[in-house]
Amino acid sequence: MLRILDTLTGHRRLVLTENDRAILTRKGRIVDLLGAGEHRIKRNDVVEAHNLTSAFFTGGNVDTLLRDAPDLVATHLVEVRTCATEVALVARDGRLMTALAPDSRTHLWADAGPFDITRHDVAADVRVPGDLAKRLVRGRLVSLLTSVEVPEGHVGVMTLDGTNPTVLDPGLHTFWNVGPKVAVKLVDTRLRSHDVTGHEILTRDRVTLRVNLAADFRVVDPVTAVTKVRDFEEALHRALGLAFRRTLGALTLDALLADKVAVDEGAADAVRTEMAGLGVEVGAIALKDVILPGEMRDILTAVVAAEKEAEANVIRRREETNATRSLLNTAKVMAENPVMLRLKELEALEVIAGKVERLTVHNGTAGLLGDIAKLRD
C-alpha cells in the first residue's frame, strides 16, 4: 500500500544502515543529510551515499554543502583546518589517522569520532619529539617528516633557512619538512691525524726537497669550525704548509737532517693559535719524512759510507794496538817467571798434540820440552 502511495505521489524509499550517510540534492541544491533509518524522498532527488568506515568525508561537494546547509555540516561533520605555519595530527582511539600539512583542511564524520586533534607550530619548533616521530612512522605518516642520523663520535650542526646554527648530539633526529628548510652538516669530533705530504721547500743552502708533516687535531667548537671557513681541514692543511715553509726554509740541509723529527715550536704555536680561532684544537705536530732529490741522495749516501769506513779503520787500528800491547805484557811476564813459561810450553804442546794423529816421544818428556825450547830459541 505504501509503495503504491509513493508511486502515486512521486516518492520512493531509501534505507540507510548505522554506517551509512546520504546527501540529498534536489534541483541542484543540497536539502538534507540523511542518517541511519528509512527515508521517504522524492523520485527525482539525487542521493550521494557515504560510509562512516573511513571516517573521512570524501565528497567533492564540501564547499556546496557548507554554503547550502551550514547547520547540517556543523551537526554531522568536523572540520580540521591548518594555518600557514602549523601541522595538525588527527587521532582516534589513540591511533593516528592523518597528518595535515600547513594551509590545508579535511572533514571528518562526527559520528565516526570522537577525534583527538593536536597542532604543532613548525615555525616555533621544527623538531619532532622522538615518541611522536615513532608514532608517525608506525602509522606510515612520514610524508611530512625528514630524519638525520648523527653517528657516535660526531655532532651535527643544524641550520634553519641557512641561519641559527645549533649542535645536534649523536642519535636520530626528526624534523618537519614543511617548515623552515633544515640543513645538517656532520662534524667528526674524534682525535684525528692530518697529513701534509710531498710539500716542497727550498733550504737556506738552496737544496730543493720534499717533506711530509703530520698533525693531531680535533674539533672543539663545531659551530665555529663549520661557519668560519668552508673546510676547516683544508684550512689546517694550508696553515701547516705555510708555517713550515717559512721555518724550514731558514735551515740548512744539514741542520734539517740532524733532527728531522723535531719541528720549530714557534711555527707549531702559530698553527695552533690560528686553528684555535676556527674551533680546532691542534696537538702534536711532527716532521715525518724528508725526501731528497736523486743526485743529492747519492752524494749523501757516499758521504755516509766514507764516514763509516773511516770509523771502521779507526776501530780496527785501536784493536790491533790493544792486541800488541797485550802480547808485550805477556812476554814480560814469561821472561820474569820461568814457571809461567813452562805452563805456556805445556799449553803449546797440548795444542800441537790435538792437531796431529800420532805423537812419538823419543827422549822423554824432558827431551821433548828441551826440543821445544830449542825451537823457540
# chains A, B, ... in the order shown; residues from 1 in each chain; ligands from 1

call {"tool": "residues_around", "arguments": {"residues": "range 162-178 of chain A", "least_positions_apart": "4", "cutoff": "6 Å", "atoms": "only C-alpha atoms", "output": "ChimeraX atom specification"}}
result
/A:126-128,144-152,155-158

call {"tool": "write_last_selection", "arguments": {"atoms": "N, CA and C atoms", "output": "JSON list (two decimals), in the first residue's frame"}}
result
[["chain", "number", "residue", "atom", "x", "y", "z"],
["A", 126, "VAL", "N", 60.87, 23.28, 14.74],
["A", 126, "VAL", "CA", 60.81, 22.38, 13.59],
["A", 126, "VAL", "C", 61.11, 20.94, 13.97],
["A", 127, "ARG", "N", 61.53, 20.71, 15.20],
["A", 127, "ARG", "CA", 61.88, 19.36, 15.62],
["A", 127, "ARG", "C", 60.62, 18.57, 15.98],
["A", 128, "VAL", "N", 60.67, 17.27, 15.71],
["A", 128, "VAL", "CA", 59.59, 16.36, 16.06],
["A", 128, "VAL", "C", 60.05, 15.53, 17.26],
["A", 144, "LEU", "N", 55.46, 14.13, 5.91],
["A", 144, "LEU", "CA", 55.80, 15.46, 6.42],
["A", 144, "LEU", "C", 57.08, 15.45, 7.25],
["A", 145, "LEU", "N", 57.80, 14.32, 7.25],
["A", 145, "LEU", "CA", 58.98, 14.17, 8.12],
["A", 145, "LEU", "C", 60.25, 14.05, 7.29],
["A", 146, "THR", "N", 61.34, 14.47, 7.90],
["A", 146, "THR", "CA", 62.68, 14.21, 7.40],
["A", 146, "THR", "C", 63.57, 13.87, 8.60],
["A", 147, "SER", "N", 64.45, 12.90, 8.42],
["A", 147, "SER", "CA", 65.27, 12.42, 9.55],
["A", 147, "SER", "C", 66.75, 12.50, 9.20],
["A", 148, "VAL", "N", 67.56, 12.74, 10.24],
["A", 148, "VAL", "CA", 69.02, 12.79, 10.11],
["A", 148, "VAL", "C", 69.61, 11.97, 11.25],
["A", 149, "GLU", "N", 70.52, 11.06, 10.93],
["A", 149, "GLU", "CA", 71.19, 10.25, 11.95],
["A", 149, "GLU", "C", 72.60, 10.78, 12.16],
["A", 150, "VAL", "N", 72.92, 11.12, 13.40],
["A", 150, "VAL", "CA", 74.26, 11.59, 13.75],
["A", 150, "VAL", "C", 75.01, 10.43, 14.41],
["A", 151, "PRO", "N", 76.08, 9.90, 13.78],
["A", 151, "PRO", "CA", 76.79, 8.75, 14.35],
["A", 151, "PRO", "C", 77.51, 9.10, 15.66],
["A", 152, "GLU", "N", 77.88, 8.06, 16.38],
["A", 152, "GLU", "CA", 78.67, 8.23, 17.60],
["A", 152, "GLU", "C", 80.03, 8.81, 17.24],
["A", 155, "VAL", "N", 78.98, 15.15, 15.79],
["A", 155, "VAL", "CA", 77.87, 16.03, 16.12],
["A", 155, "VAL", "C", 77.33, 16.58, 14.80],
["A", 156, "GLY", "N", 76.11, 17.07, 14.85],
["A", 156, "GLY", "CA", 75.53, 17.70, 13.67],
["A", 156, "GLY", "C", 75.32, 19.18, 13.92],
["A", 157, "VAL", "N", 75.68, 19.99, 12.95],
["A", 157, "VAL", "CA", 75.44, 21.43, 13.02],
["A", 157, "VAL", "C", 74.22, 21.72, 12.15],
["A", 158, "MET", "N", 73.10, 22.07, 12.80],
["A", 158, "MET", "CA", 71.83, 22.28, 12.10],
["A", 158, "MET", "C", 71.59, 23.77, 11.88]]

call {"tool": "select_by_dssp", "arguments": {"residues": "range 140-337 of chain A", "states": "strand (DSSP E)", "output": "ChimeraX atom specification"}}
result
/A:145-150,154-160,163-168,171-176,182-188,192-202,208-219,280-291

call {"tool": "residues_around", "arguments": {"residues": "Glu48 in chain A", "least_positions_apart": "2", "cutoff": "10 Å", "atoms": "only C-alpha atoms", "output": "list of chain:residue names"}}
result
A:Arg21, A:Ala22, A:Ile23, A:Leu24, A:Thr25, A:Leu33, A:Leu34, A:Asp45, A:Val46, A:His50, A:Gly59, A:Asn61

call {"tool": "select_by_dssp", "arguments": {"residues": "range 143-335 of chain A", "states": "alpha helix (DSSP H)", "output": "VMD selection string"}}
result
chain A and resid 222 to 228 232 to 248 253 to 258 265 to 276 294 to 335

call {"tool": "atom_distance", "arguments": {"atom1": "CA of Met97 in chain A", "atom2": "CA of Val47 in chain A"}}
result
27.7 Å

call {"tool": "residues_around", "arguments": {"residues": "Thr58 in chain A", "least_positions_apart": "5", "cutoff": "9 Å", "atoms": "only C-alpha atoms", "output": "MDAnalysis selection string"}}
result
chainID A and resid 50 106:108

call {"tool": "write_last_selection", "arguments": {"atoms": "N, CA and C atoms", "output": "PDB file, in the first residue's frame"}}
result
ATOM      1  N   HIS A  50      27.489   7.792   1.425  1.00  0.00           N
ATOM      2  CA  HIS A  50      28.768   7.821   2.139  1.00  0.00           C
ATOM      3  C   HIS A  50      28.772   6.726   3.206  1.00  0.00           C
ATOM      4  N   THR A 106      40.603  19.198   6.104  1.00  0.00           N
ATOM      5  CA  THR A 106      39.912  17.931   5.880  1.00  0.00           C
ATOM      6  C   THR A 106      38.649  17.933   6.720  1.00  0.00           C
ATOM      7  N   HIS A 107      37.700  17.058   6.332  1.00  0.00           N
ATOM      8  CA  HIS A 107      36.435  16.944   7.054  1.00  0.00           C
ATOM      9  C   HIS A 107      36.238  15.498   7.477  1.00  0.00           C
ATOM     10  N   LEU A 108      35.764  15.348   8.693  1.00  0.00           N
ATOM     11  CA  LEU A 108      35.530  14.026   9.270  1.00  0.00           C
ATOM     12  C   LEU A 108      34.060  13.896   9.658  1.00  0.00           C
TER      13      LEU A 108
END

call {"tool": "atom_distance", "arguments": {"atom1": "CA of Arg135 in chain A", "atom2": "CA of Asp111 in chain A"}}
result
24.9 Å

call {"tool": "residues_around", "arguments": {"residues": "Asn19 in chain A", "least_positions_apart": "3", "cutoff": "7 Å", "atoms": "only C-alpha atoms", "output": "PyMOL selection string"}}
result
chain A and resi 51-53

call {"tool": "write_last_selection", "arguments": {"atoms": "N, CA and C atoms", "output": "PDB file, in the first residue's frame"}}
result
ATOM      1  N   ASN A  51      29.959   6.320   3.599  1.00  0.00           N
ATOM      2  CA  ASN A  51      30.100   5.293   4.617  1.00  0.00           C
ATOM      3  C   ASN A  51      31.036   5.798   5.706  1.00  0.00           C
ATOM      4  N   LEU A  52      30.706   5.551   6.974  1.00  0.00           N
ATOM      5  CA  LEU A  52      31.490   6.058   8.105  1.00  0.00           C
ATOM      6  C   LEU A  52      32.719   5.220   8.416  1.00  0.00           C
ATOM      7  N   THR A  53      32.932   4.144   7.663  1.00  0.00           N
ATOM      8  CA  THR A  53      34.073   3.277   7.968  1.00  0.00           C
ATOM      9  C   THR A  53      35.398   4.008   7.836  1.00  0.00           C
TER      10      THR A  53
END

call {"tool": "atom_distance", "arguments": {"atom1": "CA of Val196 in chain A", "atom2": "CA of Leu213 in chain A"}}
result
4.9 Å
